[in-house]
Each structure stands twice: as structure tokens, then as C-alpha cells.
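Taking it in order: structure first as C-alpha cells, then the write-up.
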Protein chains: 2
Amino acid sequence: MRIRLDLSYDGTDFRGWATQPDFRTVQGSLEDAIAMALRIPLVRVVCAGRTDTGVHARGQVVHFDVDRADVAASAGRSRGPALDALVRRLNGILDGDVRVRRATEAEPGFDARFSALWRRYAYRIADRPELIDPLTRRHVLAWERRLDVGLMNAGAEHLIGLQDFAAYCKRREGATTVRTLLAFEWTRTPHGLIEGRVVADAFCHTMVRSLVGCLLIVGEGRRPPPWAAEVLSGRVRDASMTVVHARGLTLEEVGYPDADELAAQAVRTRARRTAE
Amino acid sequence: MRIRLDLSYDGTDFRGWATQPDFRTVQGSLEDAIAMALRIPLVRVVCAGRTDTGVHARGQVVHFDVDRADVAASAGRSRGPALDALVRRLNGILDGDVRVRRATEAEPGFDARFSALWRRYAYRIADRPELIDPLTRRHVLAWERRLDVGLMNAGAEHLIGLQDFAAYCKRREGATTVRTLLAFEWTRTPHGLIEGRVVADAFCHTMVRSLVGCLLIVGEGRRPPPWAAEVLSGRVRDASMTVVHARGLTLEEVGYPDADELAAQAVRTRARRTAE
């Protein structure tokens with residue numbers, strides 16, 4: 001059977017998602033916990049969005065395959081459905097900075113990575129000293145200069161649509177950098193924080209943080225909004241642009257099609273992208 | 001001159017407010033930072049609410065007295081007003097889990113502790129596993145059983161007003177336990193968390209956490225709402241009642257009267273309370 005897990009984590013103390021020898025990673029911690037909870041050898045989990053070092057998640061989705069008998073056996077005589085027992089066991093094993101929110105049996109054809117239709121990230125910024133809150137400092141970036149949300153939105157509009165985001169991506173051999181940016185909006189929350197919401201079919205490596213880095217320059221008034229498009233059309237990284245800090249970035253949600261479309265979507269995605 | 005500081009902190013890694021030898025406390029860290037920023041010997045700061053180990057603050061208020069010349073000298077050639085420079089220097093010295101939000105010259109008669117009219121605390125609870133968010137785990141309590149907000153509000157109503165809160169306080173020799181509870185309400189936030197808002201002229205030691213502990217028992221349905229009043233009238237601690245964990249508690253705001261009432265309010269408070 002294939003199990004889908006929905007999880008959240010505070011990325012501060014992880015060396016990113018992907019397992020690395022000698023480093024604490026989210027994937028590594030989760031795979032160890034699954035093996036321990038189900039008393040099975042190590043399984044590989046596949047995730048919807050491979051977050052970088054320091055990036056957080058509230059809506060990460062993963063899948064892994066396991067024998068139904070192992071799940072039943074591990075639940076033993078615990079109350080309620082076996083997958084609820086698995087959630088409790090995993091959260092008992094994992095440290096407090098990763099939480100499994102839900103475990104469900106995946107629909108046929110479900111693939112956490114390839115069935116996904118879109119990923120939604122949020123980027124949070126405190127651009128005035130009095131907004132800096134020690135209680136949220138791990139996931140809100142402190143920015144020294146005031147930002148103009150109107151300018152940032154004007155810049156973001158230039159990036160929407162099906163585009164080659166090579167200028168905003170860390171290049172990987174043989175991987176396409178064409179993506180569809182579905183939404184990119186900035187708002188000031190009632191508390192005064194700036195919140196960016198960015199949705200795409202998928203993101204290439206460091207893409208969100210490069211897009212945000214560009215709009216910080218626009219938001220400070222150092223470049224006009226159309227500069228975001230100029231960078232894009234240049235198809236090369238601009239030296240004045242920076243990849244903004246991971247701290248403010250959270251993977252909020254991953255969208256999937258209805259059950260009958262899961263397998264077809266996975267086929268389409270695989271065909272379009274050699275690798276992400 | 002008397003300076004008022006408004007500050008926020010994540011109480012997780014502090015041994016409470018009050019300076020203690022060999023322990024990291026908020027007061028100790030702040031007093032060290034002030035001495036270093038102004039290049040003066042250690043000064044004592046007075047706060048509005050002496051928070052316990054693990055309790056957080058978003059709206060803590062303190063005052064301290066200092067020579068005007070020392071403030072001007074420390075600002076040196078930095079841009080802007082001397083007190084803005086002091087905020088920058090303090091935040092440069094302090095660790096990220098305490099932030100000075102504002103420094104202002106206090107109005108005549110201002111006393112952070114005795115001029116205060118009221119203190120407002122919030123208590124935050126996640127009562128379902130799927131609400132537990134690693135990004136807020138340091139200031140939201142995870143509670144294993146579902147809570148009924150209606151029952152909690154019914155119980156809270158029994159506690160409003162001028163009362164002897166001895167049953168909810170850790171006794172201190174010679175200190176009165178009579179307080180005026182001005183408001184105590186529970187709501188479920190749009191995210192599903194439970195948030196308690198409690199306002200009183202002042203709180204005695206462990207009072208907020210005992211009040212919340214009582215209402216958790218009521219919210220689980222283990223005791224009916226009037227039990228909150230029964231405990232109160234008993235004037236002794238009930239063995240079944242517990243002081244709830246500090247993690248969920250945040251001092252949100254301290255209220256002061258208008259400038260012309262500050263000194264008179266301090267006189268009234270001192271007369272009423274031998275010690276807090």
C-alpha cells in the first residue's frame with residue numbers, strides 16, 4: 001500500500017529536506033522514524049517540494065510504499081484506525097520541530113511529487129524594527145529598510161504565466177527551467193508584516209528566493225517594477241540580484257487533482273520534465 | 001531621566017524575568033545590555049509583569065533611570081534621535097529572543113510597575129494533533145484532548161470582578177491576593193487554535209496559569225463551569241487543579257492612564273498592595 005503523509009516542520013535546525021550523510025535533514029529524520037515506528041528496514045519517501053536548508057513547511061506532502069501487514073502489525077492493540085496509530089507513533093519518535101499532521105492511504109495513481117498540480121509558498125517579512133517579534137523570528141525575515149507593497153505587486157505581475165525562469169534558477173544539467181507562475185501577490189497583514197504568496201506548477205532550485213530577492217529590490221525603490229521582467233528576459237542571473245534568506249520561506253500547500261486524474265497528471269508531469 | 005522600554009521576548013530559553021545568579025534571565029540580559037550600550041555601571045530595571053520561566057512577552061514594559069548625558073554620549077554621531085540609537089545598540093547586543101521595540105523618555109510620574117492600570121495576557125492552545133504547528137510550538141500549548149470553548153467561557157464568567165484569588169495563587173508572605181479580573185474570554189481562532197484573553201489590574205504569582213488550568217478541566221467536561229467559582233470561594237488550592245505549562249502564556253499588553261494620572265495611579269497602587 002502507498003501511504004500519504006502531510007507534515008509540517010520548522011526548517012531552522014535542518015540541513016534541508018534531502019537525506020545527507022552526517023547531517024540532520026527532514027527526509028532523513030522522517031525515514032528513520034518510519035522504519036522505527038513500523039519496525040521495517042529503511043524506506044524511501046518522496047516529497048512534493050524539496051525544501052532547502054532553513055526553509056519551513058506547513059503543508060509538505062510525501063508518499064512511501066509499505067506492506068499493509070507491517071502497518072497492521074505495528075498498530076497492535078492501539079485504539080482506532082492503524083494509520084492514526086502510525087501518526088501518534090511517528091510524532092512520539094520525531095523531535096518537536098517536525099510534526100506529522102495526517103496519514104492516509106493514497107488513492108491509486110497518487111505520487112506526492114508527480115501528481116501535484118501546484119505548490120504554494122509564503123514569504124514573510126518584518127520591515128520595521130517594532131514589527132520584529134521574537135516569537136516568530138524563526139520564520140519571519142527582518143528587513144532593515146521599508147518596503148512598498150504596491151511596487152512589489154507591480155513587479156510581481158510581470159512574472160506571471162508560462163515562462164523560462166532560467167534567470168531566477170540555479171541551473172541543473174538537463175533540467176528545464178520553464179515553469180508556470182500561477183499567482184504572486186504581496187499583502188500587508190493586519191499585524192503590519194509583509195506576506196508574499198507565490199503559486200506555480202513547480203519551482204526550480206532557489207527560484208522562490210530569487211523571485212523574492214528581485215522584488216525586495218523593487219520594493220525598496222532601487223529598481224522600477226519592469227526590471228523583474230528584464231531580468232527574466234535576460235535569461236541569466238543579474239549580479240545585483242540576490243537569493244533572499246531561507247528564514248522567511250514556508251511551503252504552505254500542495255494542490256492535487258481529483259482522484260481520477262492523479263495517475264494522468266503524474267504521466268503528464270514526467271513527460272514535461274526530465275528532472276525538476 | 002527615566003526611560004521607558006517596550007520589549008518582546010521568547011521566554012523558552014530564559015529562567016524567567018528576575019535576575020538570578022548563574023541563570024540566564026530576561027532582566028539580567030537586559031540590564032547587562034543597557035550597561036554595555038550606555039557604558040555605565042549596572043542599572044536596575046523595573047518591569048510591569050514579572051514573567052515566570054518559559055512565559056513570553058510581546059508587550060512587556062520596563063523603566064530605568066539614567067543620566068541624560070550618558071544617553072547623549074552613547075549616541076555619539078549616530079543618525080537620528082539618541083533613543084532610536086539606543087534601541088539599535090540594545091538590539092545589536094541582545095540575542096534574537098529579546099527585542100526592544102521602542103525606547104521613549106517616560107512622562108513625569110511614570111512607573112512601569114505601579115502606574116499600570118491593567119495587564120493583558122493571552123494563552124494559546126492547540127487541542128487537535130493536526131493543529132500542532134512546529135513554527136509556533138514555542139508559544140502554543142499542545143493539548144491531547146478536545147476542549148469546549150463554550151464551557152470554558154461559562155467557567156470564566158464566574159471569576160470576573162474584585163475577588164480574593166488566594167485559591168489560584170502561590171501564597172507569598174504579607175502579600176494580598178485580592179485582584180480585579182476585568183476580562184476573561186476564550187475564542188477559537190480562524191486557524192482552529194484556542195486563545196484565552198485575560199485582563200486584570202494585576203496578577204499574583206502563577207495566577208494566570210492556575211486560572212487556565214481550572215478552565216482546561218472545565219473545557220474537557222470533567223467539572224461543570226460553576227466549579228471555577230467553588231474553587232475561588234474555597235480560598236485554598238484544590239488538589240485536582242494544576243498550574244498549566246508556561247509555554248502557552250504571553251504577556252501581550254500593559255495599560256497605563258493618561259500622563260496626568262500616572263503619578264496618582266502609582267500612589268494608589270502602592271497603598272493597596274504591600275507587595276505584589
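Residue names in the C-alpha cells use chain letters A, B, ... in the order shown, residue numbers from 1 in each chain, and ligand numbers from 1 in the order shown.
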
Would you list which chain B residues are within 6 Å of chain A using only C-alpha atoms, as a short mmCIF file (atom, residue, chain, number, x, y, z; two decimals) with C-alpha atoms, in the first residue's frame?
data_model
loop_
_atom_site.label_atom_id
_atom_site.label_comp_id
_atom_site.auth_asym_id
_atom_site.auth_seq_id
_atom_site.Cartn_x
_atom_site.Cartn_y
_atom_site.Cartn_z
CA TYR B 9 10.75 38.04 24.21
CA ASP B 10 10.55 34.34 23.61
CA ASP B 97 14.99 36.03 21.58
CA ARG B 101 10.63 47.60 20.29
CA GLU B 130 -3.45 18.45 13.12
CA PRO B 134 6.22 23.34 14.60
CA LEU B 135 6.59 27.04 13.71
#

Neighbour list for A:Ala106 as a JSON list (two decimals) with C-alpha atoms, in the first residue's frame, cut-off 8 Å, only C-alpha atoms, skip fewer than 6 positions in-chain:
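That gives us around.json:
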[["chain", "number", "residue", "atom", "x", "y", "z"],
["A", 1, "MET", "CA", 0.00, 0.00, 0.00],
["A", 2, "ARG", "CA", 1.02, 3.61, -0.59],
["A", 3, "ILE", "CA", 0.76, 5.97, 2.38],
["A", 4, "ARG", "CA", 0.43, 9.74, 2.08],
["A", 63, "HIS", "CA", 4.39, 9.26, -0.02]]

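The two atoms in question, atom CA of A:Ser210 and atom CA of A:Ala266, are spaced 27.2 Å apart.
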
Apply DSSP to the backbone of this structure and, from stretch 16-233 of chain B, keep only the residues in strand (DSSP E or B); write these as an NGL selection string.
-> :B and (46-47 or 56-65 or 98-105 or 118-126 or 141-142 or 161-164 or 178-188 or 194-200)

Residue neighbourhood B:Thr206, 10 Å, only C-alpha atoms, exclusion window fewer than 5 positions, as JSON, numbers by chain | {"B": [51, 52, 168, 169, 170, 171, 211, 243, 244, 246]}

Selected residues, N, CA and C atoms, written as a PDB file, in the first residue's frame, please.
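Wrote selection_25.pdb, looks like this:
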ATOM      1  N   THR B  51       7.414  37.927  34.562  1.00  0.00           N
ATOM      2  CA  THR B  51       7.005  36.649  33.972  1.00  0.00           C
ATOM      3  C   THR B  51       7.866  35.496  34.506  1.00  0.00           C
ATOM      4  N   ASP B  52       7.202  34.331  34.669  1.00  0.00           N
ATOM      5  CA  ASP B  52       7.892  33.116  35.143  1.00  0.00           C
ATOM      6  C   ASP B  52       8.726  32.479  34.035  1.00  0.00           C
ATOM      7  N   TYR B 168      -6.124  30.548  43.694  1.00  0.00           N
ATOM      8  CA  TYR B 168      -5.442  30.459  42.403  1.00  0.00           C
ATOM      9  C   TYR B 168      -4.022  31.027  42.454  1.00  0.00           C
ATOM     10  N   CYS B 169      -3.534  31.333  43.659  1.00  0.00           N
ATOM     11  CA  CYS B 169      -2.220  31.984  43.756  1.00  0.00           C
ATOM     12  C   CYS B 169      -1.260  31.174  44.613  1.00  0.00           C
ATOM     13  N   LYS B 170      -0.009  31.302  44.274  1.00  0.00           N
ATOM     14  CA  LYS B 170       1.041  30.766  45.132  1.00  0.00           C
ATOM     15  C   LYS B 170       1.221  31.809  46.225  1.00  0.00           C
ATOM     16  N   ARG B 171       1.010  31.411  47.447  1.00  0.00           N
ATOM     17  CA  ARG B 171       0.997  32.392  48.534  1.00  0.00           C
ATOM     18  C   ARG B 171       2.377  33.008  48.767  1.00  0.00           C
ATOM     19  N   LEU B 211      -5.645  29.807  36.722  1.00  0.00           N
ATOM     20  CA  LEU B 211      -6.974  30.071  36.156  1.00  0.00           C
ATOM     21  C   LEU B 211      -7.160  29.249  34.879  1.00  0.00           C
ATOM     22  N   VAL B 243      -1.339  23.953  37.742  1.00  0.00           N
ATOM     23  CA  VAL B 243      -0.797  25.137  37.098  1.00  0.00           C
ATOM     24  C   VAL B 243      -0.374  24.685  35.700  1.00  0.00           C
ATOM     25  N   VAL B 244      -0.997  25.247  34.685  1.00  0.00           N
ATOM     26  CA  VAL B 244      -0.741  24.784  33.324  1.00  0.00           C
ATOM     27  C   VAL B 244       0.659  25.248  32.879  1.00  0.00           C
ATOM     28  N   ALA B 246       3.920  26.851  31.165  1.00  0.00           N
ATOM     29  CA  ALA B 246       4.208  28.253  30.823  1.00  0.00           C
ATOM     30  C   ALA B 246       4.198  28.498  29.312  1.00  0.00           C
TER      31      ALA B 246
END

Neighbours of B:Ala37 within 8 Å (only C-alpha atoms; same-chain residues fewer than 2 positions away dropped), as a PDB file with C-alpha atoms, in the first residue's frame?
ATOM      1  CA  ALA B  33      22.898  45.179  27.564  1.00  0.00           C
ATOM      2  CA  ILE B  34      21.911  48.616  28.927  1.00  0.00           C
ATOM      3  CA  ALA B  35      25.175  48.922  30.857  1.00  0.00           C
ATOM      4  CA  ARG B  39      28.865  52.431  29.006  1.00  0.00           C
ATOM      5  CA  SER B  74      26.470  56.851  23.835  1.00  0.00           C
ATOM      6  CA  LEU B  86      19.840  53.232  21.957  1.00  0.00           C
ATOM      7  CA  ARG B  89      22.527  49.377  20.111  1.00  0.00           C
ATOM      8  CA  LEU B  90      20.496  47.277  22.542  1.00  0.00           C
ATOM      9  CA  ILE B  93      23.850  43.414  21.865  1.00  0.00           C
TER      10      ILE B  93
END

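Reported to one decimal place, the separation of atom CA of A:Glu253 from atom CA of A:Trp118 is 8.4 Å.
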
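Among the candidate residues B:Ala82, B:Val231, B:Val26, B:Met152, the one lying nearest to B:Val212 is B:Met152, with distances computed using only C-alpha atoms.
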
Give me every helix (DSSP H, G or I) residue in stretch 126-178 of chain B, going by DSSP on the backbone, as an MDAnalysis selection string.
-> chainID B and resid 129:131 134:136 149:157 166:168

What lies within 12 Å of B:Cys214 using only C-alpha atoms, ignoring chain neighbours under 2 positions off, as a ChimeraX atom specification?
-> /B:151-153,155-156,158-159,167-168,207-212,216-232,237-244

In terms of the shortest atom-to-atom distance over only C-alpha atoms, which of A:Gly192, A:Gly49, A:Ala85, A:Gly234 is closest to A:Gly255?
-> A:Gly49
